[in-house]
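Visitor: Following this message is one structure expressed as structure tokens.
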Amino acid sequence: MSPEPRTLRLVFHKRLAQLRSEIPAVLLAAIATEDGLLSATDESAEPSPLDRRAAVVSSLTAVARSAARELKLKEPRCVVIDCRQGVLLVRPFGKPRKRLLLVQLNDPGEAGRALTAVHALAHELQERLAPASRQADDAANAPHSPADEERDAEPGSPQDGTSDEARTIDAPPPLPAPAAEIRAA
Amino acid sequence: MSAYRIVFAGPIGAGKTTAITALSDVPPVTTEVASDEARAVGKETTTVAFDYGQLLLDSGDLVLLYGTPGQARFDFMWPIIAENAIGAVILADNSRADSVAQTVQYVREFAPRIAAGNCIVGIGRADAHPSPAVDDYHDALAEAGFQIPVMAVDVRRREHALLLLDTLLARLEAARHVI
């Protein structure tokens, strides 16, 4: 019951591992769906979707969003929990389908640097997913033909578990250097 | 004026958010997000933290309506939401094959968390799916040791949702717990 196509999970996994290698204070870097299913971590592209941490972070972000709405602060860009033994950062990203980038740190002194890196990674992933989202929107708005159905059933179509987003991620550049590294890896 | 907390629980798609929206005097606070899981049961979104609404009774008392997320992975929210609640409305989806067993499971989960175990079961989609019958729920709950009211409802209709709430509050009053 993985919440994301495998290709996309692999991309997430590689970028999360890269983030962790850049910031040693990172204990966990992961991406979850907005409804609380774990997609990928820095350690694995195939974690248990039902990992409790994803559900907790999903609830936390939803509560933060409700609080922000009540206080007329608009959408939260990041949720930060500063604890005695570390820091949790949660950065929602993606549109229209939202995902949650979560990072756990064991050194509060690294929170600033980690926050900058988290924003940058979320922005990068969002930019790379955006063309697919636009394609999906266009496809949804276009008249549906029998030819479309035939094409949709081919390998690489959403039916075989590889979404438009995943194919866009694997598509050739233009992409910034870090993204190109991911594809080459 | 007193304020009392009532919890709405049940599986995804059972109508918890709908019931609170129907009952609340104020725009409800919801934490719904898009979900593939919800689409599987004919919805676009699912609650991931809680729903909240308020209902002012004729007595001047305020009922605080809290809805739980339905999926088991959010069960860490259940005790938080149920804390200090005086009653629970357990909603069932009669279109599901395992609805009776699932309902008993939710009652088992929430009754110990609620003052004196005051619960009521509302069965949704019973018009289109008449089986299992109300008696089947009664029997299964009785077998599990729960003597609680069960009724078929359409929580999209405010009067049905109110009937559930009135029955629960009347039961509480009869037991002289709070109201």
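Residues are referred to by chain and number: the chain letter is A, B, ... according to the order shown in the structure tokens, the number counts from 1 in that chain, and ligands are numbered separately from 1 in the order shown.
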Distance limit 7 Å, atoms considered: only C-alpha atoms. Which chain A residues sit that close to chain B? Return them as a PyMOL selection string.
Guide: chain A and resi 34-35+50+52+55+58-59+62-63+66
Visitor: Pick out the residues sitting within 9 Å of Phe93 of chain A, and hand them over as a short mmCIF file (atom, residue, chain, number, x, y, z; two decimals) with all heavy atoms, in the first residue's frame; count only C-alpha atoms, and ignore anything fewer than 5 positions along from it in its own chain.
Guide:
data_model
loop_
_atom_site.label_atom_id
_atom_site.label_comp_id
_atom_site.auth_asym_id
_atom_site.auth_seq_id
_atom_site.Cartn_x
_atom_site.Cartn_y
_atom_site.Cartn_z
N ARG A 77 4.44 27.70 6.69
CA ARG A 77 5.54 27.29 5.81
C ARG A 77 6.36 26.18 6.44
O ARG A 77 6.95 25.36 5.76
CB ARG A 77 6.44 28.49 5.50
CG ARG A 77 5.89 29.38 4.42
CD ARG A 77 6.96 30.33 3.97
NE ARG A 77 7.41 31.16 5.08
CZ ARG A 77 7.47 32.48 5.04
NH1 ARG A 77 7.15 33.11 3.94
NH2 ARG A 77 7.88 33.17 6.07
N LYS A 98 -0.17 17.67 -1.60
CA LYS A 98 0.83 18.09 -0.62
C LYS A 98 1.54 16.90 0.00
O LYS A 98 0.97 15.83 0.17
CB LYS A 98 0.16 18.89 0.50
CG LYS A 98 -0.10 20.34 0.16
CD LYS A 98 -0.30 21.14 1.43
CE LYS A 98 -0.41 22.62 1.14
NZ LYS A 98 -1.60 22.94 0.34
N ARG A 99 2.81 17.12 0.32
CA ARG A 99 3.59 16.14 1.05
C ARG A 99 4.26 16.87 2.21
O ARG A 99 4.30 18.10 2.23
CB ARG A 99 4.63 15.51 0.14
CG ARG A 99 4.00 14.71 -1.00
CD ARG A 99 5.02 14.36 -2.04
NE ARG A 99 4.47 13.52 -3.09
CZ ARG A 99 3.92 13.96 -4.22
NH1 ARG A 99 3.84 15.26 -4.46
NH2 ARG A 99 3.45 13.12 -5.13
N LEU A 100 4.79 16.08 3.14
CA LEU A 100 5.43 16.65 4.32
C LEU A 100 6.87 16.18 4.38
O LEU A 100 7.13 14.97 4.37
CB LEU A 100 4.68 16.22 5.59
CG LEU A 100 3.17 16.49 5.60
CD1 LEU A 100 2.53 15.85 6.81
CD2 LEU A 100 2.89 17.98 5.56
N LEU A 101 7.78 17.14 4.42
CA LEU A 101 9.19 16.83 4.61
C LEU A 101 9.50 17.00 6.09
O LEU A 101 9.30 18.10 6.63
CB LEU A 101 10.04 17.77 3.75
CG LEU A 101 11.55 17.80 3.99
CD1 LEU A 101 12.17 16.42 3.80
CD2 LEU A 101 12.21 18.81 3.05
N ALA A 122 12.68 21.34 -0.12
CA ALA A 122 11.24 21.34 -0.40
C ALA A 122 10.95 22.13 -1.68
O ALA A 122 10.14 21.71 -2.52
CB ALA A 122 10.47 21.94 0.78
N HIS A 123 11.63 23.26 -1.81
CA HIS A 123 11.44 24.09 -3.00
C HIS A 123 11.88 23.34 -4.25
O HIS A 123 11.19 23.34 -5.27
CB HIS A 123 12.22 25.40 -2.84
CG HIS A 123 12.02 26.35 -3.98
ND1 HIS A 123 10.84 27.03 -4.18
CD2 HIS A 123 12.84 26.71 -4.98
CE1 HIS A 123 10.95 27.77 -5.26
NE2 HIS A 123 12.15 27.60 -5.77
N LEU A 125 12.12 20.06 -4.74
CA LEU A 125 11.21 18.95 -5.05
C LEU A 125 9.89 19.48 -5.61
O LEU A 125 9.31 18.92 -6.54
CB LEU A 125 10.96 18.10 -3.80
CG LEU A 125 12.18 17.32 -3.29
CD1 LEU A 125 11.87 16.66 -1.94
CD2 LEU A 125 12.61 16.26 -4.31
N GLN A 126 9.44 20.58 -5.03
CA GLN A 126 8.18 21.17 -5.51
C GLN A 126 8.31 21.62 -6.97
O GLN A 126 7.40 21.39 -7.77
CB GLN A 126 7.82 22.36 -4.61
CG GLN A 126 6.48 22.99 -4.95
CD GLN A 126 5.97 23.84 -3.80
OE1 GLN A 126 5.98 23.41 -2.65
NE2 GLN A 126 5.53 25.04 -4.11
#
Visitor: Here is a test: counting only C-alpha atoms, which residue of B:Leu56, B:Pro112, B:Gln105, B:Val100 is nearest to Asp139 of chain B?
Guide: B:Val100
Visitor: For atom CA of Arg6 of chain A and atom CA of Ala45 of chain A, determine how far apart the two atoms are, in Å to one decimal place.
Guide: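 Result for atom CA of Arg6 of chain A versus atom CA of Ala45 of chain A: 7.8 Å, one decimal.
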Visitor: Among segment 48-171 of chain B, which residues does DSSP mark as strand (DSSP E or B) when it is run on the backbone? Keep the chain and numbering as in the structure and answer as a ChimeraX atom specification.
Guide: /B:51-56,62-67,85-93,119-124,150-152
Visitor: Output C-alpha atoms for every residue in the selection just made, as a PDB file, in the first residue's frame.
Guide:
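As a result, out-v6.pdb now contains:
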ATOM      1  CA  ASP B  51     -12.981  18.052  14.063  1.00  0.00           C
ATOM      2  CA  TYR B  52     -14.485  20.575  16.422  1.00  0.00           C
ATOM      3  CA  GLY B  53     -17.892  22.173  16.664  1.00  0.00           C
ATOM      4  CA  GLN B  54     -20.188  23.688  19.286  1.00  0.00           C
ATOM      5  CA  LEU B  55     -23.867  23.291  20.034  1.00  0.00           C
ATOM      6  CA  LEU B  56     -25.727  25.523  22.484  1.00  0.00           C
ATOM      7  CA  LEU B  62     -22.695  24.156  25.673  1.00  0.00           C
ATOM      8  CA  VAL B  63     -21.885  20.849  24.005  1.00  0.00           C
ATOM      9  CA  LEU B  64     -18.377  20.665  22.567  1.00  0.00           C
ATOM     10  CA  LEU B  65     -18.346  18.281  19.628  1.00  0.00           C
ATOM     11  CA  TYR B  66     -15.059  16.544  18.862  1.00  0.00           C
ATOM     12  CA  GLY B  67     -14.495  14.205  15.949  1.00  0.00           C
ATOM     13  CA  ALA B  85     -15.666  13.422  27.448  1.00  0.00           C
ATOM     14  CA  ILE B  86     -19.048  12.565  28.935  1.00  0.00           C
ATOM     15  CA  GLY B  87     -20.279  10.571  25.972  1.00  0.00           C
ATOM     16  CA  ALA B  88     -19.323   9.060  22.640  1.00  0.00           C
ATOM     17  CA  VAL B  89     -21.243   8.724  19.394  1.00  0.00           C
ATOM     18  CA  ILE B  90     -19.903   5.744  17.467  1.00  0.00           C
ATOM     19  CA  LEU B  91     -20.856   5.954  13.787  1.00  0.00           C
ATOM     20  CA  ALA B  92     -20.996   2.858  11.610  1.00  0.00           C
ATOM     21  CA  ASP B  93     -21.005   2.484   7.838  1.00  0.00           C
ATOM     22  CA  CYS B 119     -21.962   5.555  24.154  1.00  0.00           C
ATOM     23  CA  ILE B 120     -24.523   5.409  21.381  1.00  0.00           C
ATOM     24  CA  VAL B 121     -24.212   3.819  17.951  1.00  0.00           C
ATOM     25  CA  GLY B 122     -25.516   5.483  14.798  1.00  0.00           C
ATOM     26  CA  ILE B 123     -25.701   3.295  11.694  1.00  0.00           C
ATOM     27  CA  GLY B 124     -25.208   5.139   8.431  1.00  0.00           C
ATOM     28  CA  VAL B 150     -28.299   1.668  18.408  1.00  0.00           C
ATOM     29  CA  MET B 151     -30.217   3.527  15.705  1.00  0.00           C
ATOM     30  CA  ALA B 152     -30.126   3.951  11.946  1.00  0.00           C
TER      31      ALA B 152
END
Visitor: Pick from A:Pro108, A:Pro131, A:Gly94, A:Gly86: nearest to Ala32 of chain A, with only C-alpha atoms counted?
Guide: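 Closest to Ala32 of chain A of all the choices is A:Gly94.
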Visitor: When you count only C-alpha atoms, which of these residues is closest to Val7 of chain B: B:Asp127, B:Ile148, B:Glu173, B:Ala82?
Guide: B:Ala82
Visitor: How many Å separate atom CA of Ala9 of chain B from atom CA of Tyr106 of chain B?
Guide: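 Computed distance, atom CA of Ala9 of chain B to atom CA of Tyr106 of chain B, equals 7.4 Å.
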Visitor: Contacts of segment 19-24 of chain B at 7 Å or less, counting only C-alpha atoms, minus same-chain residues fewer than 3 places along, as a list in words?
Guide: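 Near segment 19-24 of chain B, the qualifying residues are Gly15, Lys16, Pro27, Pro28, Gly53, Gln54, Leu55, Leu65, Val155, Arg156, Arg157, Arg158, Ala161 and Leu162 of chain B.
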Visitor: Produce a file of the selected residues containing all heavy atoms, as a CSV table (one decimal), in the first residue's frame.
Guide:
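Output file again.csv is given in full below:
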chain,number,residue,atom,x,y,z
B,15,GLY,N,-19.0,9.4,8.6
B,15,GLY,CA,-19.8,10.6,8.7
B,15,GLY,C,-19.6,11.4,10.0
B,15,GLY,O,-20.4,12.2,10.3
B,16,LYS,N,-18.4,11.3,10.5
B,16,LYS,CA,-18.1,12.0,11.8
B,16,LYS,C,-18.0,13.5,11.5
B,16,LYS,O,-18.7,14.3,12.2
B,16,LYS,CB,-16.8,11.5,12.4
B,16,LYS,CG,-16.7,10.0,12.7
B,16,LYS,CD,-15.4,9.6,13.2
B,16,LYS,CE,-14.3,9.6,12.1
B,16,LYS,NZ,-14.5,8.7,11.0
B,27,PRO,N,-19.1,27.7,12.5
B,27,PRO,CA,-18.4,27.0,11.5
B,27,PRO,C,-17.4,26.0,12.1
B,27,PRO,O,-16.6,26.5,13.0
B,27,PRO,CB,-17.6,28.1,10.7
B,27,PRO,CG,-18.4,29.3,11.0
B,27,PRO,CD,-19.0,29.2,12.4
B,28,PRO,N,-17.4,24.7,11.8
B,28,PRO,CA,-16.6,23.8,12.5
B,28,PRO,C,-15.1,24.0,12.1
B,28,PRO,O,-14.8,24.4,11.1
B,28,PRO,CB,-17.1,22.4,12.0
B,28,PRO,CG,-17.8,22.7,10.7
B,28,PRO,CD,-18.3,24.1,10.8
B,53,GLY,N,-16.7,21.3,16.8
B,53,GLY,CA,-17.9,22.2,16.7
B,53,GLY,C,-18.5,22.4,18.0
B,53,GLY,O,-18.1,21.9,19.0
B,54,GLN,N,-19.5,23.3,18.0
B,54,GLN,CA,-20.2,23.7,19.3
B,54,GLN,C,-21.7,23.7,19.1
B,54,GLN,O,-22.2,24.1,18.0
B,54,GLN,CB,-19.8,25.1,19.7
B,54,GLN,CG,-18.4,25.2,20.1
B,54,GLN,CD,-18.1,26.7,20.5
B,54,GLN,OE1,-18.9,27.6,20.5
B,54,GLN,NE2,-16.8,26.9,21.0
B,55,LEU,N,-22.4,23.3,20.1
B,55,LEU,CA,-23.9,23.3,20.0
B,55,LEU,C,-24.4,23.8,21.4
B,55,LEU,O,-24.1,23.3,22.4
B,55,LEU,CB,-24.4,21.9,19.8
B,55,LEU,CG,-25.9,21.7,19.8
B,55,LEU,CD1,-26.6,22.5,18.6
B,55,LEU,CD2,-26.3,20.2,19.7
B,65,LEU,N,-18.3,19.5,20.5
B,65,LEU,CA,-18.3,18.3,19.6
B,65,LEU,C,-17.0,18.0,19.1
B,65,LEU,O,-16.4,18.9,18.3
B,65,LEU,CB,-19.3,18.5,18.5
B,65,LEU,CG,-20.7,19.0,18.9
B,65,LEU,CD1,-21.4,19.6,17.7
B,65,LEU,CD2,-21.5,17.9,19.5
B,155,VAL,N,-26.7,11.1,9.1
B,155,VAL,CA,-26.1,12.3,9.8
B,155,VAL,C,-26.0,13.5,8.9
B,155,VAL,O,-25.6,14.6,9.4
B,155,VAL,CB,-24.8,12.0,10.4
B,155,VAL,CG1,-24.9,11.0,11.6
B,155,VAL,CG2,-23.8,11.5,9.4
B,156,ARG,N,-26.3,13.4,7.6
B,156,ARG,CA,-26.3,14.6,6.8
B,156,ARG,C,-27.5,15.5,7.2
B,156,ARG,O,-27.6,16.7,6.9
B,156,ARG,CB,-26.4,14.2,5.3
B,156,ARG,CG,-25.1,13.6,4.8
B,156,ARG,CD,-25.4,13.0,3.4
B,156,ARG,NE,-26.4,12.0,3.4
B,156,ARG,CZ,-26.8,11.4,2.3
B,156,ARG,NH1,-26.2,11.6,1.1
B,156,ARG,NH2,-27.8,10.5,2.4
B,157,ARG,N,-28.5,14.8,7.8
B,157,ARG,CA,-29.7,15.5,8.2
B,157,ARG,C,-29.5,15.9,9.7
B,157,ARG,O,-29.4,15.1,10.6
B,157,ARG,CB,-30.9,14.6,8.0
B,157,ARG,CG,-31.1,14.3,6.6
B,157,ARG,CD,-32.2,13.3,6.4
B,157,ARG,NE,-33.5,13.7,6.9
B,157,ARG,CZ,-34.6,13.0,6.8
B,157,ARG,NH1,-34.6,11.8,6.3
B,157,ARG,NH2,-35.8,13.5,7.3
B,158,ARG,N,-29.6,17.2,9.9
B,158,ARG,CA,-29.4,17.7,11.3
B,158,ARG,C,-30.3,17.1,12.3
B,158,ARG,O,-29.9,16.8,13.4
B,158,ARG,CB,-29.6,19.2,11.3
B,158,ARG,CG,-29.3,19.9,12.6
B,158,ARG,CD,-29.5,21.4,12.5
B,158,ARG,NE,-29.7,22.1,13.8
B,158,ARG,CZ,-28.7,22.4,14.6
B,158,ARG,NH1,-27.5,22.3,14.3
B,158,ARG,NH2,-29.0,23.0,15.8
B,161,ALA,N,-28.9,13.8,13.4
B,161,ALA,CA,-27.7,14.0,14.2
B,161,ALA,C,-28.2,14.4,15.6
B,161,ALA,O,-27.6,14.0,16.6
B,161,ALA,CB,-26.8,14.9,13.6
B,162,LEU,N,-29.2,15.3,15.6
B,162,LEU,CA,-29.7,15.8,16.9
B,162,LEU,C,-30.3,14.7,17.7
B,162,LEU,O,-30.2,14.6,19.0
B,162,LEU,CB,-30.7,16.9,16.7
B,162,LEU,CG,-30.1,18.3,16.5
B,162,LEU,CD1,-31.2,19.3,16.1
B,162,LEU,CD2,-29.5,18.8,17.8
Visitor: Quick one: distance from atom CA of Pro3 of chain A to atom CA of Gln104 of chain A in Å, one decimal?
Guide: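 Separating atom CA of Pro3 of chain A from atom CA of Gln104 of chain A is a distance of 21.6 Å.
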Visitor: Neighbouring residues of Arg20 of chain A were defined as those with any atom within 8 Å, considering only C-alpha atoms; residues of the same chain fewer than 5 positions away were excluded. Please report them as a ChimeraX atom specification.
Guide: /A:25-29,42
Visitor: My list of candidates is A:Ile31, A:Leu102, A:Leu121, A:Leu73. Which is closest to Leu60 of chain A when distances are computed with only C-alpha atoms?
Guide: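 Of A:Ile31, A:Leu102, A:Leu121, A:Leu73, the one nearest Leu60 of chain A, counting only C-alpha atoms, is A:Leu102.
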Visitor: Could you name the residues that touch Asp61 of chain B at 7 Å or less, counting only C-alpha atoms, but leaving out those on the same chain fewer than 6 positions away, as a ChimeraX atom specification?
Guide: /B:1-3
Visitor: May I have the selected residues written with N, CA and C atoms, as a PDB file, in the first residue's frame?
Guide:
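Listed below is the output, result-v4.pdb:
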ATOM      1  N   MET B   1     -23.226  28.606  33.026  1.00  0.00           N
ATOM      2  CA  MET B   1     -23.224  27.725  31.864  1.00  0.00           C
ATOM      3  C   MET B   1     -22.146  26.654  32.025  1.00  0.00           C
ATOM      4  N   SER B   2     -22.539  25.427  31.692  1.00  0.00           N
ATOM      5  CA  SER B   2     -21.565  24.340  31.718  1.00  0.00           C
ATOM      6  C   SER B   2     -21.236  23.923  30.293  1.00  0.00           C
ATOM      7  N   ALA B   3     -20.071  23.327  30.126  1.00  0.00           N
ATOM      8  CA  ALA B   3     -19.663  22.825  28.809  1.00  0.00           C
ATOM      9  C   ALA B   3     -19.343  21.346  28.932  1.00  0.00           C
TER      10      ALA B   3
END
Visitor: Quick check for you: according to DSSP on this backbone, which residues of segment 41-96 of chain B are classed as helix (DSSP H, G or I)? Reply as a PyMOL selection string.
Guide: chain B and resi 72-74+77-82
